[in-house]
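Undergrad: So here's run-v3.txt (compact mmCIF, C-alpha atoms).
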```
# COMPACT_ATOMS: atom_id res chain seq x y z
CA MET A 1 6.02 40.53 373.18
CA LYS A 2 2.75 42.43 372.90
CA LYS A 3 4.49 45.66 373.97
CA MET A 4 7.17 45.18 371.31
CA MET A 5 4.57 44.62 368.58
CA LEU A 6 2.65 47.70 369.71
CA ALA A 7 5.84 49.78 369.66
CA ALA A 8 6.68 48.54 366.16
CA PHE A 9 3.14 49.28 364.96
CA LEU A 10 3.32 52.81 366.39
CA ALA A 11 6.70 53.41 364.77
CA VAL A 12 5.37 52.35 361.34
CA LEU A 13 2.29 54.53 361.84
CA ILE A 14 4.40 57.58 362.71
CA LEU A 15 6.61 57.00 359.64
CA CYS A 16 3.55 56.73 357.38
CA VAL A 17 2.03 59.96 358.75
CA ALA A 18 5.35 61.77 358.31
CA ALA A 19 5.72 60.51 354.73
CA PHE A 20 2.14 61.53 353.91
CA ALA A 21 2.68 65.01 355.39
CA ALA A 22 5.88 65.45 353.36
CA GLY A 23 4.05 64.42 350.19
CA GLN A 24 1.22 66.90 350.85
CA SER A 25 3.69 69.68 351.47
CA SER A 26 5.53 68.99 348.23
CA GLU A 27 2.24 68.84 346.24
CA GLY A 28 1.14 72.15 347.63
CA GLN A 29 4.30 73.79 346.35
CA SER A 30 4.26 72.37 342.84
CA SER A 31 2.07 75.01 341.23
CA GLY A 32 5.01 76.94 339.89
CA THR A 33 5.03 79.58 342.59
CA GLY A 34 7.23 78.94 345.58
CA HIS A 35 8.34 75.56 344.24
CA PRO A 36 11.66 74.64 345.89
CA SER A 37 13.04 74.07 342.37
CA ASP A 38 12.60 77.71 341.62
CA THR A 39 14.67 78.82 344.54
CA GLY A 40 17.40 76.30 343.91
CA GLN A 41 16.65 74.44 347.14
CA LEU A 42 16.44 71.11 345.40
CA ASN A 43 19.83 71.44 343.78
CA GLY A 44 21.06 67.96 344.33
CA ALA A 45 19.00 67.52 347.48
CA GLY A 46 18.08 63.88 347.98
CA ALA A 47 19.95 62.95 344.83
CA SER A 48 22.92 60.74 345.30
CA GLY A 49 24.94 58.21 343.36
CA GLN A 50 25.54 57.76 339.68
CA ASN A 51 22.12 58.89 338.48
CA ALA A 52 21.80 61.96 340.67
CA TRP A 53 21.85 64.08 337.57
CA ILE A 54 18.62 62.43 336.33
CA GLU A 55 16.76 63.62 339.41
CA GLN A 56 18.16 67.09 338.92
CA PHE A 57 17.32 66.95 335.23
CA ASN A 58 13.72 65.82 335.83
CA ASP A 59 13.32 68.44 338.49
CA VAL A 60 14.67 71.40 336.56
CA CYS A 61 12.96 70.46 333.29
CA SER A 62 9.60 69.49 334.80
CA ALA A 63 8.00 72.87 334.23
CA THR A 64 8.33 73.33 330.48
CA THR A 65 4.55 72.95 330.19
CA ALA A 66 4.03 75.37 333.06
CA SER A 67 6.74 77.90 332.26
CA MET A 68 4.27 80.72 331.64
CA ALA A 69 3.09 80.31 335.23
CA LEU A 70 6.59 80.90 336.62
CA SER A 71 7.77 84.34 337.65
CA LYS A 72 10.69 86.00 335.91
CA GLY A 73 12.90 85.25 338.91
CA GLN A 74 11.91 81.59 338.86
CA LEU A 75 12.60 81.39 335.14
CA LYS A 76 16.04 82.94 335.57
CA SER A 77 16.78 80.45 338.34
CA ARG A 78 15.80 77.52 336.11
CA ILE A 79 17.90 78.89 333.25
CA SER A 80 21.01 79.05 335.41
CA ARG A 81 20.34 75.55 336.74
CA THR A 82 20.15 74.17 333.19
CA ASP A 83 23.47 75.85 332.45
CA ALA A 84 25.04 74.20 335.47
CA LEU A 85 23.61 70.80 334.58
CA LYS A 86 24.95 70.99 331.04
CA LEU A 87 28.48 70.58 332.32
CA ARG A 88 27.48 67.33 334.06
CA LEU A 89 25.74 65.94 330.97
CA ASP A 90 28.84 66.55 328.87
CA GLY A 91 30.56 63.80 330.83
CA LEU A 92 27.89 61.14 330.23
CA GLU A 93 28.19 58.13 327.94
CA GLU A 94 27.21 58.79 324.33
CA SER A 95 23.67 57.38 324.31
CA ALA A 96 22.50 59.28 327.40
CA LYS A 97 24.34 62.39 326.35
CA LYS A 98 22.63 62.34 322.95
CA VAL A 99 19.15 62.18 324.48
CA TYR A 100 19.48 64.41 327.49
CA SER A 101 21.76 67.14 326.14
CA ARG A 102 19.30 68.04 323.41
CA ARG A 103 16.38 68.01 325.79
CA LEU A 104 18.27 70.13 328.28
CA ARG A 105 19.01 72.63 325.55
CA MET A 106 15.29 72.67 324.60
CA CYS A 107 14.29 73.08 328.21
CA HIS A 108 16.74 75.97 328.68
CA ASP A 109 15.43 77.64 325.53
CA MET A 110 11.81 77.19 326.66
CA TYR A 111 12.45 79.02 329.93
CA ASP A 112 14.35 81.70 328.04
CA PHE A 113 11.46 81.98 325.57
CA SER A 114 8.93 82.42 328.40
CA LEU A 115 11.18 84.94 330.12
CA LYS A 116 11.45 87.00 326.92
CA ALA A 117 7.66 86.79 326.41
CA LYS A 118 7.07 88.07 329.94
CA GLU A 119 9.62 90.86 329.54
CA LYS A 120 8.00 91.87 326.28
CA ALA A 121 4.56 91.91 327.89
CA ASP A 122 5.91 94.07 330.74
CA THR A 123 7.35 96.55 328.24
CA LYS A 124 3.96 96.85 326.53
CA LYS A 125 2.19 97.72 329.82
CA MET B 126 -5.93 84.88 290.76
CA MET B 127 -3.73 83.31 293.43
CA GLY B 128 -5.71 81.57 296.12
CA PRO B 129 -6.32 78.21 297.81
CA GLN B 130 -7.26 76.76 294.42
CA ASN B 131 -3.57 77.00 293.50
CA PHE B 132 -2.42 74.87 296.39
CA ASN B 133 -1.16 71.47 295.47
CA PHE B 134 -2.99 69.30 297.99
CA ALA B 135 -1.77 65.73 298.06
CA ALA B 136 -4.31 62.96 297.57
CA ASP B 137 -5.40 61.20 300.77
CA PRO B 138 -3.64 57.86 301.35
CA PRO B 139 -5.69 55.02 302.89
CA ALA B 140 -6.75 55.99 306.43
CA GLN B 141 -4.53 53.33 308.03
CA SER B 142 -1.43 54.57 306.15
CA TYR B 143 -1.63 58.27 306.99
CA GLY B 144 1.24 59.19 309.25
CA ASN B 145 3.22 56.03 308.57
CA ILE B 146 6.97 56.56 308.62
CA ILE B 147 9.37 54.27 306.82
CA MET B 148 12.87 53.99 308.24
CA LYS B 149 15.52 52.22 306.22
CA PRO B 150 18.37 51.08 308.43
CA GLU B 151 21.49 49.62 306.85
CA GLY B 152 21.61 45.83 306.85
CA ALA B 153 18.05 45.30 308.05
CA LYS B 154 14.55 45.37 306.63
CA PRO B 155 12.81 48.77 306.70
CA VAL B 156 10.80 49.69 309.78
CA ILE B 157 7.22 50.82 309.26
CA PHE B 158 6.29 53.08 312.13
CA SER B 159 2.59 53.75 312.43
CA HIS B 160 1.77 56.96 314.30
CA TRP B 161 -1.87 56.09 314.93
CA VAL B 162 -1.03 52.80 316.66
CA HIS B 163 1.17 54.64 319.15
CA ARG B 164 -1.15 57.65 319.46
CA LEU B 165 -3.86 55.44 320.89
CA ARG B 166 -1.64 54.89 323.95
CA TYR B 167 0.75 57.84 324.20
CA THR B 168 0.70 61.53 323.45
CA CYS B 169 3.18 62.97 320.94
CA ARG B 170 5.03 64.49 323.92
CA VAL B 171 6.20 61.11 325.17
CA CYS B 172 8.25 60.22 322.09
CA HIS B 173 9.00 63.64 320.71
CA PHE B 174 9.92 65.28 323.97
CA GLU B 175 10.57 62.83 326.77
CA LEU B 176 12.33 60.30 324.54
CA GLN B 177 13.80 62.97 322.27
CA ILE B 178 12.86 61.47 318.93
CA ASN B 179 13.07 64.30 316.40
CA PHE B 180 10.01 65.38 314.47
CA LYS B 181 11.91 64.99 311.22
CA ALA B 182 12.07 61.31 310.36
CA GLY B 183 15.51 59.78 310.07
CA THR B 184 17.37 62.57 311.84
CA THR B 185 17.52 61.22 315.40
CA GLY B 186 20.18 58.62 314.75
CA ILE B 187 18.49 55.80 316.68
CA THR B 188 20.66 52.70 316.87
CA MET B 189 19.82 49.23 318.17
CA GLU B 190 22.44 49.84 320.88
CA ASP B 191 20.40 52.85 322.03
CA ASN B 192 17.26 50.71 322.12
CA VAL B 193 19.02 47.98 324.08
CA GLU B 194 20.06 50.62 326.62
CA GLY B 195 16.43 51.62 327.04
CA LYS B 196 16.56 54.79 325.00
CA TYR B 197 14.12 55.77 322.21
CA CYS B 198 11.95 52.77 321.13
CA GLY B 199 13.69 50.69 323.81
CA ALA B 200 12.11 52.82 326.55
CA CYS B 201 8.84 50.93 325.97
CA HIS B 202 9.81 48.02 323.75
CA ASN B 203 11.47 46.13 326.58
CA GLY B 204 9.19 43.12 326.91
CA LYS B 205 7.34 44.72 329.80
CA THR B 206 5.57 47.84 328.57
CA ALA B 207 5.49 46.67 324.95
CA PHE B 208 6.93 43.71 323.05
CA GLY B 209 10.71 43.47 323.35
CA ILE B 210 13.17 44.49 320.67
CA GLU B 211 14.22 40.86 320.20
CA ASN B 212 11.01 40.49 318.14
CA CYS B 213 12.83 42.03 315.17
CA GLY B 214 10.18 41.20 312.57
CA ARG B 215 7.44 43.09 314.34
CA CYS B 216 9.08 46.42 313.47
CA HIS B 217 11.44 45.49 310.65
CA LYS B 218 8.56 44.30 308.49
CA GLY B 219 9.90 45.67 305.27
CA GLY B 220 6.41 45.97 303.82
CA ALA B 221 3.27 47.77 304.81
CA GLY B 222 2.10 48.83 308.26
CA PRO B 223 -1.16 47.76 309.92
CA ASP B 224 -3.87 46.91 307.41
CA GLU B 225 -7.36 48.27 306.94
CA LYS B 226 -8.91 45.53 309.05
CA GLU B 227 -6.66 46.18 312.05
CA PHE B 228 -7.20 49.92 311.71
CA ALA B 229 -10.97 49.50 311.64
CA LYS B 230 -10.86 47.25 314.69
CA LYS B 231 -8.64 49.50 316.79
CA THR B 232 -10.29 52.81 315.88
CA SER B 233 -13.87 51.59 315.94
CA GLY B 234 -16.19 54.10 317.59
CA LEU B 235 -13.75 57.03 317.51
CA PRO B 236 -15.07 60.37 316.21
CA THR B 237 -14.39 60.77 312.51
CA THR B 238 -13.24 63.55 310.24
CA GLU B 239 -12.75 63.96 306.53
CA HIS B 240 -9.03 63.58 305.85
CA GLY B 241 -5.82 61.99 307.17
CA ASN B 242 -6.62 58.99 309.35
CA ARG B 243 -10.27 60.10 309.14
CA ILE B 244 -10.20 60.20 312.94
CA ASP B 245 -10.66 63.39 314.94
CA TRP B 246 -7.90 62.57 317.41
CA ASN B 247 -8.35 65.76 319.35
CA LEU B 248 -12.04 65.17 319.93
CA ALA B 249 -11.33 61.52 320.72
CA MET B 250 -9.08 62.65 323.56
CA GLU B 251 -11.25 65.55 324.68
CA GLU B 252 -14.25 63.28 325.02
CA ASN B 253 -12.26 60.47 326.65
CA TYR B 254 -12.62 57.91 323.89
CA ILE B 255 -8.87 57.50 324.27
CA LYS B 256 -6.64 58.32 327.24
CA PRO B 257 -3.07 58.34 325.97
CA ALA B 258 -0.37 58.61 328.63
CA ASP B 259 1.42 61.95 328.82
CA TYR B 260 4.72 60.76 330.28
CA LEU B 261 6.74 57.65 331.05
CA THR B 262 8.91 58.47 334.05
CA ALA B 263 8.91 62.15 334.95
CA LYS B 264 5.47 63.66 335.45
CA PRO B 265 5.42 67.19 334.04
CA GLU B 266 3.95 70.10 335.98
CA LYS B 267 0.74 71.08 334.25
CA PHE B 268 -0.55 74.54 333.50
CA GLN B 269 -3.45 75.10 331.13
CA PHE B 270 -2.42 77.74 328.65
CA ASN B 271 -5.64 78.32 326.74
CA GLN B 272 -4.81 81.36 324.65
CA ALA B 273 -6.20 81.14 321.11
CA ILE B 274 -4.44 83.06 318.37
CA THR B 275 -6.34 84.41 315.38
CA ILE B 276 -4.40 84.60 312.12
CA ARG B 277 -5.88 86.73 309.40
CA ALA B 278 -6.01 84.96 306.03
CA ALA B 279 -4.32 86.44 302.99
CA TRP B 280 -7.60 86.50 301.09
CA ASP B 281 -10.75 88.32 302.18
CA TYR B 282 -13.01 85.42 301.22
CA VAL B 283 -11.15 83.00 303.50
CA PRO B 284 -12.10 83.16 307.20
CA SER B 285 -9.27 83.82 309.66
CA ALA B 286 -7.48 80.79 311.08
CA VAL B 287 -7.71 80.15 314.80
CA PHE B 288 -4.83 78.47 316.58
CA PRO B 289 -5.96 76.94 319.88
CA HIS B 290 -3.12 76.36 322.35
CA LYS B 291 -5.43 74.13 324.38
CA ALA B 292 -5.87 71.52 321.64
CA HIS B 293 -2.12 71.35 321.12
CA ASN B 294 -1.26 71.26 324.83
CA ARG B 295 -3.15 68.01 325.16
CA TRP B 296 -0.71 66.24 322.88
CA LEU B 297 2.48 68.21 323.08
CA ASP B 298 4.85 69.87 325.47
CA CYS B 299 5.11 73.66 324.99
CA ASN B 300 8.77 72.89 324.41
CA ASN B 301 7.95 70.90 321.27
CA CYS B 302 7.09 74.11 319.42
CA HIS B 303 8.78 76.83 321.46
CA PRO B 304 11.23 78.20 320.70
CA ASP B 305 12.62 75.88 318.00
CA ILE B 306 9.64 76.12 315.63
CA PHE B 307 7.92 79.28 316.81
CA ASP B 308 10.31 81.77 318.35
CA ILE B 309 9.11 85.03 319.82
CA LYS B 310 12.48 86.58 318.95
CA ASN B 311 12.19 85.67 315.28
CA ARG B 312 8.50 86.13 314.56
CA THR B 313 7.99 86.52 310.81
CA GLU B 314 5.09 86.80 308.41
CA GLU B 315 6.36 83.53 306.89
CA GLN B 316 5.02 81.59 309.86
CA ASN B 317 1.48 82.64 308.93
CA ARG B 318 1.69 81.52 305.31
CA MET B 319 0.21 78.31 303.91
CA GLU B 320 3.12 78.14 301.47
CA SER B 321 5.47 77.64 304.45
CA TYR B 322 3.33 74.80 305.74
CA PHE B 323 3.44 73.02 302.39
CA LYS B 324 7.23 73.16 302.69
CA GLY B 325 7.01 71.43 306.07
CA LYS B 326 7.76 74.51 308.11
CA PHE B 327 5.92 75.85 311.18
CA CYS B 328 2.44 74.18 311.37
CA GLY B 329 3.58 72.05 308.43
CA VAL B 330 6.07 70.23 310.66
CA CYS B 331 3.11 68.08 311.78
CA HIS B 332 0.06 69.07 309.75
CA GLY B 333 0.17 67.31 306.41
CA LYS B 334 2.33 64.49 307.75
CA VAL B 335 0.95 63.10 311.00
CA ALA B 336 -1.58 65.62 312.31
CA PHE B 337 -4.64 66.39 310.18
CA PRO B 338 -3.66 67.45 306.66
CA LEU B 339 -3.76 70.98 305.30
CA LYS B 340 -6.74 70.24 303.07
CA ASP B 341 -8.84 69.87 306.25
CA CYS B 342 -9.29 73.65 305.91
CA SER B 343 -12.23 74.04 308.29
CA ARG B 344 -10.31 72.66 311.26
CA CYS B 345 -8.34 75.95 311.38
CA HIS B 346 -10.34 78.30 309.17
CA LEU B 347 -13.57 77.89 311.07
CA GLY B 348 -16.58 78.06 308.78
CA MET B 349 -14.63 77.35 305.61
CA THR B 350 -15.60 74.52 303.29
CA ASN B 351 -13.04 71.72 303.12
CA TRP B 352 -11.01 71.05 300.00
CA ARG B 353 -12.27 68.11 298.00
```
Using the file provided, produce a representation of the structure as structure tokens.

TA:
Amino acid sequence: MKKMMLAAFLAVLILCVAAFAAGQSSEGQSSGTGHPSDTGQLNGAGASGQNAWIEQFNDVCSATTASMALSKGQLKSRISRTDALKLRLDGLEESAKKVYSRRLRMCHDMYDFSLKAKEKADTKK
Amino acid sequence: MMGPQNFNFAADPPAQSYGNIIMKPEGAKPVIFSHWVHRLRYTCRVCHFELQINFKAGTTGITMEDNVEGKYCGACHNGKTAFGIENCGRCHKGGAGPDEKEFAKKTSGLPTTEHGNRIDWNLAMEENYIKPADYLTAKPEKFQFNQAITIRAAWDYVPSAVFPHKAHNRWLDCNNCHPDIFDIKNRTEEQNRMESYFKGKFCGVCHGKVAFPLKDCSRCHLGMTNWR
């Protein structure tokens, strides 16, 4: 009995350490450079079921306040991901479509705006 | 001579009424929405970006069905975060918003200013008098964009205006202004003109309605005397 309890305790401990390590790793990559979102790695990853699009939406549109910190490549990647997501939102029920389609359009335009600003700054150099 | 003296500054409403929005739905009493009540708890970004409520009142098309589904007002007014939408009379008051007494009680101790709500909301947040939440469900990635833009005034005797990104980033998402209101591809002289703001364009989308009013000259034109 004692052995079983010890084994269970160790299993829970290992799971906790693994979850903590995964969390740290994800935090370290969220500065806008090297974020999996910007390489398309999170496209649908971990998202399943009816609301998978929400996870994708939150992920792709999470950097509108940090868009000036993204590289031109990362911005282009986000722009194409918003384009892809638009097709999914078109199939949503009216209420969700109304809210999220507009915000997706804004988010797309924000990345495009930042991209243009960076291209303009590069031209000036 | 044309100058600030020719501007038609509106008289200040009572402090507790500045920024109040009246919505008149069909078949129900009008809703009085008080910006300051909500601003104490949430940044502008939460409603005007995350929940997608348009800046221009009455253009979002919010229905009770949307609220029931947890969209718009219903995202918070669900009986958990804030009182539930079944308390019809708390929003559909039909009359005035919060009174002077309630305003005084809830804003007591906050830094003051001359116009609008007579509260310096930006300073209140900067100095941690208030800590409004910046998001409901999806935490945004943060990047401090601190660039300040100097805009030369049309008249030599008026000091240049300074636009601080930092002060606006506290309350808003970059996406609230860019590119719909300020677009790098369509930058015009019009966006630097007070006349545009009086028409509710550019800075005038918020300033003069819910953010400090345009007669609070010295908040942008540093060193200038306020209009009285």

Undergrad: Please list as a count of residues only every residue within 8 Å of Arg105 in chain A, counting only C-alpha atoms and excluding residues in the same chain fewer than 4 positions away.

TA: 3

Undergrad: Up to 10 Å from chain B, what residues of chain A turn up? Count only C-alpha atoms and give them as a PyMOL selection string.

TA: chain A and resi 30-32+54-55+57-59+61-69+94-96+98-103+106-114+116-117+120

Undergrad: Which residues are near Val60 in chain A? Cut-off 8 Å, only C-alpha atoms, ignore same chain within fewer than 4 positions. Put them as a PyMOL selection string.

TA: chain A and resi 37+56+78+81-82

Undergrad: One decimal, Å: what's the distance from CA of Ala200 in chain B over to CA of Glu252 in chain B, could you say?

TA: 28.4 Å

Undergrad: Report, in Å to a single decimal, how far apart CA of His217 in chain B and CA of Phe158 in chain B are.

TA: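 Pair CA of Phe158 in chain B / CA of His217 in chain B returns 9.3 Å.
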
Undergrad: Report, in Å to a single decimal, how far apart CA of Val156 in chain B and CA of Glu93 in chain A are.

TA: 26.5 Å

Undergrad: If you count only C-alpha atoms, which residues fall within 10 Å of range 317-319 of chain B, apart from same-chain ones fewer than 3 positions away, as a PyMOL selection string?

TA: chain B and resi 129+132+276-279+286+312-314+322-329+339

Undergrad: Output C-alpha atoms for every residue in that selection, as a PDB file, in the frame of the given file.

TA:
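Okay, this is what ended up in selection_33.pdb:
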```
ATOM      1  CA  PRO B 129      -6.320  78.210 297.810  1.00  0.00           C
ATOM      2  CA  PHE B 132      -2.420  74.870 296.390  1.00  0.00           C
ATOM      3  CA  ILE B 276      -4.400  84.600 312.120  1.00  0.00           C
ATOM      4  CA  ARG B 277      -5.880  86.730 309.400  1.00  0.00           C
ATOM      5  CA  ALA B 278      -6.010  84.960 306.030  1.00  0.00           C
ATOM      6  CA  ALA B 279      -4.320  86.440 302.990  1.00  0.00           C
ATOM      7  CA  ALA B 286      -7.480  80.790 311.080  1.00  0.00           C
ATOM      8  CA  ARG B 312       8.500  86.130 314.560  1.00  0.00           C
ATOM      9  CA  THR B 313       7.990  86.520 310.810  1.00  0.00           C
ATOM     10  CA  GLU B 314       5.090  86.800 308.410  1.00  0.00           C
ATOM     11  CA  TYR B 322       3.330  74.800 305.740  1.00  0.00           C
ATOM     12  CA  PHE B 323       3.440  73.020 302.390  1.00  0.00           C
ATOM     13  CA  LYS B 324       7.230  73.160 302.690  1.00  0.00           C
ATOM     14  CA  GLY B 325       7.010  71.430 306.070  1.00  0.00           C
ATOM     15  CA  LYS B 326       7.760  74.510 308.110  1.00  0.00           C
ATOM     16  CA  PHE B 327       5.920  75.850 311.180  1.00  0.00           C
ATOM     17  CA  CYS B 328       2.440  74.180 311.370  1.00  0.00           C
ATOM     18  CA  GLY B 329       3.580  72.050 308.430  1.00  0.00           C
ATOM     19  CA  LEU B 339      -3.760  70.980 305.300  1.00  0.00           C
TER      20      LEU B 339
END
```

Undergrad: Give me, as a PyMOL selection string, all polymer residues having an atom no more than 9 Å from range 230-240 of chain B, counting all atoms listed in the file and skipping those fewer than 3 positions away in the same chain.

TA: chain B and resi 137+140+162+165+225-227+243-246+248-249+254-255+337-338+340-341+351

Undergrad: What are the centre and edge lengths in Å, to one decimal, of the axis-aligned box around all listed atoms of range 56-71 of chain A with 6 Å added on each side, as lines of an AutoDock Vina configuration file?

TA:
```
center_x = 10.6
center_y = 75.1
center_z = 334.6
size_x = 27.1
size_y = 30.5
size_z = 20.7
```
